[in-house]
Amino acid sequence: MSTAADGGIEDPPAEVLAEAAAAFGLLATPARLHIVWALAQGESDVTGLADRVGGTLPSVSQHLTKLKLAGLVRSRREGRRQVYLVDDPDVVTVVRLMVGQLTERAGHAPARASRLRGLGA
């Protein structure tokens, strides 16, 4: 991003904002966010992810397909199984930062999460 004439940071182009909104939209469900959080800790197959996030194999597989199509995760074949991992280290940074901050604040202000949900977040 470049600097605006007034010394502030210039607004990003509309297409960049749309792409960012789409990525955040994909992470807006607790299940997908949990999947990305789990994959940020290390790669896993669908069975391991389903066990970890408490989802069914079909639902976790559908979430992974959407995340993969968006370029947030990728997979590789390991024998007969598909192993998934986060494809964008910046996504890991954003997810860890947001979840870490909210986890830290939860100990000090538990009402914040419900306020965020009430705002449609």
# chains A, B, ... in the order shown; residues from 1 in each chain; ligands from 1
>>> select_by_dssp(residues="region 1-98 of chain A", states="strand (DSSP E)", output="ChimeraX atom specification")
/A:44-45,73-78,81-86
>>> residues_around(residues="region 28-30 of chain A", least_positions_apart="4", cutoff="12 Å", atoms="only C-alpha atoms", output="short mmCIF file (atom, residue, chain, number, x, y, z; two decimals) with N, CA and C atoms, in the first residue's frame")
data_model
loop_
_atom_site.label_atom_id
_atom_site.label_comp_id
_atom_site.auth_asym_id
_atom_site.auth_seq_id
_atom_site.Cartn_x
_atom_site.Cartn_y
_atom_site.Cartn_z
N ALA A 21 -12.69 -9.67 2.19
CA ALA A 21 -14.01 -9.95 2.77
C ALA A 21 -14.42 -11.39 2.50
N ALA A 22 -14.12 -11.88 1.31
CA ALA A 22 -14.46 -13.27 0.98
C ALA A 22 -13.67 -14.24 1.86
N ALA A 23 -12.39 -13.96 2.08
CA ALA A 23 -11.57 -14.82 2.94
C ALA A 23 -12.08 -14.79 4.36
N PHE A 24 -12.39 -13.58 4.87
CA PHE A 24 -12.95 -13.50 6.22
C PHE A 24 -14.30 -14.19 6.30
N HIS A 34 -12.18 -23.27 13.33
CA HIS A 34 -11.55 -24.32 14.15
C HIS A 34 -10.66 -25.21 13.28
N ILE A 35 -11.12 -25.51 12.07
CA ILE A 35 -10.31 -26.33 11.15
C ILE A 35 -9.01 -25.62 10.82
N VAL A 36 -9.09 -24.34 10.47
CA VAL A 36 -7.88 -23.59 10.15
C VAL A 36 -6.97 -23.48 11.37
N TRP A 37 -7.58 -23.27 12.54
CA TRP A 37 -6.79 -23.22 13.79
C TRP A 37 -6.05 -24.55 13.99
N ALA A 38 -6.76 -25.66 13.81
CA ALA A 38 -6.14 -26.98 13.98
C ALA A 38 -5.02 -27.19 12.97
N VAL A 53 -12.19 -31.31 15.82
CA VAL A 53 -13.16 -30.21 15.83
C VAL A 53 -14.57 -30.68 16.17
N GLY A 54 -14.76 -31.98 16.32
CA GLY A 54 -16.07 -32.49 16.72
C GLY A 54 -17.09 -32.49 15.60
N GLY A 55 -16.64 -32.59 14.37
CA GLY A 55 -17.56 -32.60 13.23
C GLY A 55 -17.64 -33.98 12.61
N VAL A 60 -16.82 -31.92 7.68
CA VAL A 60 -15.43 -31.44 7.69
C VAL A 60 -14.87 -31.48 6.27
N HIS A 63 -16.23 -28.49 4.39
CA HIS A 63 -15.53 -27.27 4.82
C HIS A 63 -14.14 -27.20 4.20
N LYS A 66 -14.24 -26.11 0.53
CA LYS A 66 -14.43 -24.67 0.37
C LYS A 66 -13.15 -23.91 0.70
N LEU A 67 -12.48 -24.29 1.77
CA LEU A 67 -11.23 -23.64 2.15
C LEU A 67 -10.14 -23.88 1.10
N VAL A 95 -5.32 -15.66 12.02
CA VAL A 95 -6.17 -16.51 12.87
C VAL A 95 -5.58 -16.61 14.27
N VAL A 99 -7.73 -15.15 17.42
CA VAL A 99 -8.17 -16.11 18.44
C VAL A 99 -7.38 -15.91 19.72
N ARG A 117 -21.03 -11.16 18.94
CA ARG A 117 -22.06 -11.95 18.27
C ARG A 117 -23.31 -11.10 18.05
N GLY A 120 -23.44 -9.12 14.91
CA GLY A 120 -23.46 -9.86 13.66
C GLY A 120 -22.10 -10.40 13.26
N ALA A 121 -21.14 -10.33 14.17
CA ALA A 121 -19.79 -10.83 13.87
C ALA A 121 -19.75 -12.33 14.04
#
>>> residues_around(residues="Asp88 (chain A)", least_positions_apart="4", cutoff="8 Å", atoms="only C-alpha atoms", output="PyMOL selection string")
chain A and resi 71-73+92
>>> select_by_dssp(residues="chain A", states="alpha helix (DSSP H)", output="JSON list (two decimals) with N, CA and C atoms, in the first residue's frame")
[["chain", "number", "residue", "atom", "x", "y", "z"],
["A", 14, "ALA", "N", -10.77, -1.70, -4.45],
["A", 14, "ALA", "CA", -12.04, -2.40, -4.14],
["A", 14, "ALA", "C", -11.91, -3.90, -4.30],
["A", 15, "GLU", "N", -11.17, -4.35, -5.32],
["A", 15, "GLU", "CA", -11.06, -5.80, -5.54],
["A", 15, "GLU", "C", -10.26, -6.48, -4.43],
["A", 16, "VAL", "N", -9.31, -5.77, -3.85],
["A", 16, "VAL", "CA", -8.55, -6.32, -2.71],
["A", 16, "VAL", "C", -9.46, -6.42, -1.49],
["A", 17, "LEU", "N", -10.25, -5.40, -1.25],
["A", 17, "LEU", "CA", -11.20, -5.43, -0.13],
["A", 17, "LEU", "C", -12.21, -6.56, -0.32],
["A", 18, "ALA", "N", -12.69, -6.75, -1.54],
["A", 18, "ALA", "CA", -13.65, -7.83, -1.81],
["A", 18, "ALA", "C", -13.02, -9.20, -1.56],
["A", 19, "GLU", "N", -11.76, -9.36, -1.97],
["A", 19, "GLU", "CA", -11.06, -10.63, -1.75],
["A", 19, "GLU", "C", -10.85, -10.89, -0.26],
["A", 20, "ALA", "N", -10.48, -9.85, 0.47],
["A", 20, "ALA", "CA", -10.29, -9.99, 1.92],
["A", 20, "ALA", "C", -11.61, -10.32, 2.60],
["A", 21, "ALA", "N", -12.69, -9.67, 2.19],
["A", 21, "ALA", "CA", -14.01, -9.95, 2.77],
["A", 21, "ALA", "C", -14.42, -11.39, 2.50],
["A", 22, "ALA", "N", -14.12, -11.88, 1.31],
["A", 22, "ALA", "CA", -14.46, -13.27, 0.98],
["A", 22, "ALA", "C", -13.67, -14.24, 1.86],
["A", 23, "ALA", "N", -12.39, -13.96, 2.08],
["A", 23, "ALA", "CA", -11.57, -14.82, 2.94],
["A", 23, "ALA", "C", -12.08, -14.79, 4.36],
["A", 24, "PHE", "N", -12.39, -13.58, 4.87],
["A", 24, "PHE", "CA", -12.95, -13.50, 6.22],
["A", 24, "PHE", "C", -14.30, -14.19, 6.30],
["A", 25, "GLY", "N", -15.08, -14.09, 5.23],
["A", 25, "GLY", "CA", -16.38, -14.76, 5.19],
["A", 25, "GLY", "C", -16.25, -16.26, 5.32],
["A", 26, "LEU", "N", -15.25, -16.82, 4.66],
["A", 26, "LEU", "CA", -15.02, -18.26, 4.77],
["A", 26, "LEU", "C", -14.63, -18.67, 6.18],
["A", 30, "PRO", "N", -17.69, -20.99, 12.95],
["A", 30, "PRO", "CA", -16.83, -21.59, 13.97],
["A", 30, "PRO", "C", -16.15, -22.88, 13.50],
["A", 31, "ALA", "N", -16.84, -23.69, 12.72],
["A", 31, "ALA", "CA", -16.26, -24.96, 12.27],
["A", 31, "ALA", "C", -15.05, -24.72, 11.37],
["A", 32, "ARG", "N", -15.17, -23.82, 10.39],
["A", 32, "ARG", "CA", -14.04, -23.54, 9.49],
["A", 32, "ARG", "C", -12.90, -22.87, 10.23],
["A", 33, "LEU", "N", -13.23, -21.96, 11.11],
["A", 33, "LEU", "CA", -12.18, -21.31, 11.90],
["A", 33, "LEU", "C", -11.44, -22.33, 12.75],
["A", 34, "HIS", "N", -12.18, -23.27, 13.33],
["A", 34, "HIS", "CA", -11.55, -24.32, 14.15],
["A", 34, "HIS", "C", -10.66, -25.21, 13.28],
["A", 35, "ILE", "N", -11.12, -25.51, 12.07],
["A", 35, "ILE", "CA", -10.31, -26.33, 11.15],
["A", 35, "ILE", "C", -9.01, -25.62, 10.82],
["A", 36, "VAL", "N", -9.09, -24.34, 10.47],
["A", 36, "VAL", "CA", -7.88, -23.59, 10.15],
["A", 36, "VAL", "C", -6.97, -23.48, 11.37],
["A", 37, "TRP", "N", -7.58, -23.27, 12.54],
["A", 37, "TRP", "CA", -6.79, -23.22, 13.79],
["A", 37, "TRP", "C", -6.05, -24.55, 13.99],
["A", 38, "ALA", "N", -6.76, -25.66, 13.81],
["A", 38, "ALA", "CA", -6.14, -26.98, 13.98],
["A", 38, "ALA", "C", -5.02, -27.19, 12.97],
["A", 39, "LEU", "N", -5.26, -26.80, 11.71],
["A", 39, "LEU", "CA", -4.23, -26.97, 10.69],
["A", 39, "LEU", "C", -3.05, -26.04, 10.90],
["A", 40, "ALA", "N", -3.28, -24.93, 11.57],
["A", 40, "ALA", "CA", -2.18, -24.02, 11.90],
["A", 40, "ALA", "C", -1.21, -24.68, 12.88],
["A", 41, "GLN", "N", -1.71, -25.65, 13.64],
["A", 41, "GLN", "CA", -0.87, -26.36, 14.59],
["A", 41, "GLN", "C", -0.09, -27.49, 13.93],
["A", 46, "VAL", "N", -8.64, -35.82, 7.16],
["A", 46, "VAL", "CA", -10.02, -35.48, 7.49],
["A", 46, "VAL", "C", -10.47, -36.16, 8.79],
["A", 47, "THR", "N", -10.08, -37.39, 8.97],
["A", 47, "THR", "CA", -10.49, -38.12, 10.18],
["A", 47, "THR", "C", -9.94, -37.44, 11.43],
["A", 48, "GLY", "N", -8.67, -37.08, 11.41],
["A", 48, "GLY", "CA", -8.07, -36.39, 12.55],
["A", 48, "GLY", "C", -8.72, -35.05, 12.81],
["A", 49, "LEU", "N", -9.03, -34.32, 11.74],
["A", 49, "LEU", "CA", -9.70, -33.02, 11.90],
["A", 49, "LEU", "C", -11.10, -33.19, 12.46],
["A", 50, "ALA", "N", -11.83, -34.17, 11.95],
["A", 50, "ALA", "CA", -13.20, -34.40, 12.44],
["A", 50, "ALA", "C", -13.18, -34.73, 13.92],
["A", 51, "ASP", "N", -12.24, -35.56, 14.34],
["A", 51, "ASP", "CA", -12.11, -35.89, 15.76],
["A", 51, "ASP", "C", -11.78, -34.64, 16.58],
["A", 52, "ARG", "N", -10.87, -33.84, 16.07],
["A", 52, "ARG", "CA", -10.41, -32.66, 16.82],
["A", 52, "ARG", "C", -11.48, -31.59, 16.92],
["A", 53, "VAL", "N", -12.19, -31.31, 15.82],
["A", 53, "VAL", "CA", -13.16, -30.21, 15.83],
["A", 53, "VAL", "C", -14.57, -30.68, 16.17],
["A", 57, "LEU", "N", -17.37, -36.54, 9.34],
["A", 57, "LEU", "CA", -16.46, -36.61, 8.20],
["A", 57, "LEU", "C", -17.01, -35.85, 6.99],
["A", 58, "PRO", "N", -18.30, -36.04, 6.62],
["A", 58, "PRO", "CA", -18.81, -35.30, 5.46],
["A", 58, "PRO", "C", -18.79, -33.78, 5.65],
["A", 59, "SER", "N", -19.14, -33.30, 6.84],
["A", 59, "SER", "CA", -19.17, -31.84, 7.03],
["A", 59, "SER", "C", -17.76, -31.25, 7.04],
["A", 60, "VAL", "N", -16.82, -31.92, 7.68],
["A", 60, "VAL", "CA", -15.43, -31.44, 7.69],
["A", 60, "VAL", "C", -14.87, -31.48, 6.27],
["A", 61, "SER", "N", -15.19, -32.51, 5.53],
["A", 61, "SER", "CA", -14.74, -32.62, 4.14],
["A", 61, "SER", "C", -15.29, -31.48, 3.29],
["A", 62, "GLN", "N", -16.56, -31.13, 3.49],
["A", 62, "GLN", "CA", -17.15, -30.01, 2.75],
["A", 62, "GLN", "C", -16.48, -28.68, 3.11],
["A", 63, "HIS", "N", -16.23, -28.49, 4.39],
["A", 63, "HIS", "CA", -15.53, -27.27, 4.82],
["A", 63, "HIS", "C", -14.14, -27.20, 4.20],
["A", 64, "LEU", "N", -13.44, -28.32, 4.19],
["A", 64, "LEU", "CA", -12.10, -28.35, 3.61],
["A", 64, "LEU", "C", -12.13, -28.05, 2.11],
["A", 65, "THR", "N", -13.14, -28.55, 1.43],
["A", 65, "THR", "CA", -13.27, -28.28, 0.00],
["A", 65, "THR", "C", -13.41, -26.79, -0.26],
["A", 66, "LYS", "N", -14.24, -26.11, 0.53],
["A", 66, "LYS", "CA", -14.43, -24.67, 0.37],
["A", 66, "LYS", "C", -13.15, -23.91, 0.70],
["A", 67, "LEU", "N", -12.48, -24.29, 1.77],
["A", 67, "LEU", "CA", -11.23, -23.64, 2.15],
["A", 67, "LEU", "C", -10.14, -23.88, 1.10],
["A", 68, "LYS", "N", -10.16, -25.06, 0.52],
["A", 68, "LYS", "CA", -9.18, -25.40, -0.51],
["A", 68, "LYS", "C", -9.45, -24.60, -1.79],
["A", 69, "LEU", "N", -10.70, -24.50, -2.20],
["A", 69, "LEU", "CA", -11.06, -23.72, -3.39],
["A", 69, "LEU", "C", -10.67, -22.26, -3.24],
["A", 89, "PRO", "N", 0.65, -18.80, 5.00],
["A", 89, "PRO", "CA", 1.13, -18.53, 6.37],
["A", 89, "PRO", "C", 0.56, -17.24, 6.95],
["A", 90, "ASP", "N", 0.19, -16.29, 6.10],
["A", 90, "ASP", "CA", -0.41, -15.05, 6.61],
["A", 90, "ASP", "C", -1.78, -15.31, 7.23],
["A", 91, "VAL", "N", -2.51, -16.29, 6.69],
["A", 91, "VAL", "CA", -3.81, -16.66, 7.27],
["A", 91, "VAL", "C", -3.60, -17.22, 8.67],
["A", 92, "VAL", "N", -2.55, -18.02, 8.84],
["A", 92, "VAL", "CA", -2.22, -18.57, 10.16],
["A", 92, "VAL", "C", -1.95, -17.42, 11.13],
["A", 93, "THR", "N", -1.20, -16.43, 10.69],
["A", 93, "THR", "CA", -0.88, -15.28, 11.54],
["A", 93, "THR", "C", -2.15, -14.56, 11.97],
["A", 94, "VAL", "N", -3.04, -14.29, 11.03],
["A", 94, "VAL", "CA", -4.28, -13.57, 11.34],
["A", 94, "VAL", "C", -5.16, -14.37, 12.29],
["A", 95, "VAL", "N", -5.32, -15.66, 12.02],
["A", 95, "VAL", "CA", -6.17, -16.51, 12.87],
["A", 95, "VAL", "C", -5.58, -16.61, 14.27],
["A", 96, "ARG", "N", -4.28, -16.85, 14.37],
["A", 96, "ARG", "CA", -3.65, -16.94, 15.70],
["A", 96, "ARG", "C", -3.77, -15.63, 16.46],
["A", 97, "LEU", "N", -3.59, -14.52, 15.77],
["A", 97, "LEU", "CA", -3.70, -13.22, 16.42],
["A", 97, "LEU", "C", -5.12, -12.98, 16.94],
["A", 98, "MET", "N", -6.11, -13.18, 16.09],
["A", 98, "MET", "CA", -7.49, -12.92, 16.48],
["A", 98, "MET", "C", -7.94, -13.86, 17.60],
["A", 99, "VAL", "N", -7.73, -15.15, 17.42],
["A", 99, "VAL", "CA", -8.17, -16.11, 18.44],
["A", 99, "VAL", "C", -7.38, -15.91, 19.72],
["A", 100, "GLY", "N", -6.09, -15.65, 19.60],
["A", 100, "GLY", "CA", -5.27, -15.41, 20.79],
["A", 100, "GLY", "C", -5.73, -14.19, 21.57],
["A", 101, "GLN", "N", -6.01, -13.10, 20.85],
["A", 101, "GLN", "CA", -6.49, -11.88, 21.51],
["A", 101, "GLN", "C", -7.83, -12.11, 22.20],
["A", 102, "LEU", "N", -8.74, -12.78, 21.51],
["A", 102, "LEU", "CA", -10.06, -13.02, 22.11],
["A", 102, "LEU", "C", -9.98, -13.98, 23.29],
["A", 103, "THR", "N", -9.08, -14.95, 23.19],
["A", 103, "THR", "CA", -8.89, -15.88, 24.31],
["A", 103, "THR", "C", -8.34, -15.14, 25.51],
["A", 104, "GLU", "N", -7.36, -14.28, 25.26],
["A", 104, "GLU", "CA", -6.76, -13.49, 26.34],
["A", 104, "GLU", "C", -7.79, -12.57, 26.99],
["A", 105, "ARG", "N", -8.58, -11.93, 26.18],
["A", 105, "ARG", "CA", -9.60, -11.00, 26.69],
["A", 105, "ARG", "C", -10.73, -11.72, 27.39],
["A", 106, "ALA", "N", -10.99, -12.95, 27.02],
["A", 106, "ALA", "CA", -12.10, -13.70, 27.61],
["A", 106, "ALA", "C", -11.91, -13.84, 29.11],
["A", 111, "ALA", "N", -17.97, -10.88, 28.57],
["A", 111, "ALA", "CA", -19.13, -10.38, 27.85],
["A", 111, "ALA", "C", -18.78, -9.92, 26.44],
["A", 112, "ARG", "N", -17.51, -9.70, 26.15],
["A", 112, "ARG", "CA", -17.09, -9.19, 24.84],
["A", 112, "ARG", "C", -17.52, -10.11, 23.70],
["A", 113, "ALA", "N", -17.34, -11.41, 23.86],
["A", 113, "ALA", "CA", -17.71, -12.35, 22.79],
["A", 113, "ALA", "C", -19.20, -12.26, 22.48],
["A", 114, "SER", "N", -20.02, -12.17, 23.51],
["A", 114, "SER", "CA", -21.45, -12.07, 23.25],
["A", 114, "SER", "C", -21.79, -10.73, 22.62],
["A", 115, "ARG", "N", -21.07, -9.68, 22.95],
["A", 115, "ARG", "CA", -21.29, -8.37, 22.31],
["A", 115, "ARG", "C", -20.95, -8.45, 20.83],
["A", 116, "LEU", "N", -19.85, -9.14, 20.50],
["A", 116, "LEU", "CA", -19.46, -9.30, 19.10],
["A", 116, "LEU", "C", -20.51, -10.09, 18.33],
["A", 117, "ARG", "N", -21.03, -11.16, 18.94],
["A", 117, "ARG", "CA", -22.06, -11.95, 18.27],
["A", 117, "ARG", "C", -23.31, -11.10, 18.05],
["A", 118, "GLY", "N", -23.63, -10.25, 19.00],
["A", 118, "GLY", "CA", -24.80, -9.39, 18.87],
["A", 118, "GLY", "C", -24.66, -8.36, 17.76]]
>>> closest_residue(among="A:Thr56, A:Ala70, A:Leu27, A:Asp45", to="Leu85 (chain A)", atoms="only C-alpha atoms")
A:Asp45
>>> atom_distance(atom1="CA of Tyr84 (chain A)", atom2="CA of Glu43 (chain A)")
5.5 Å
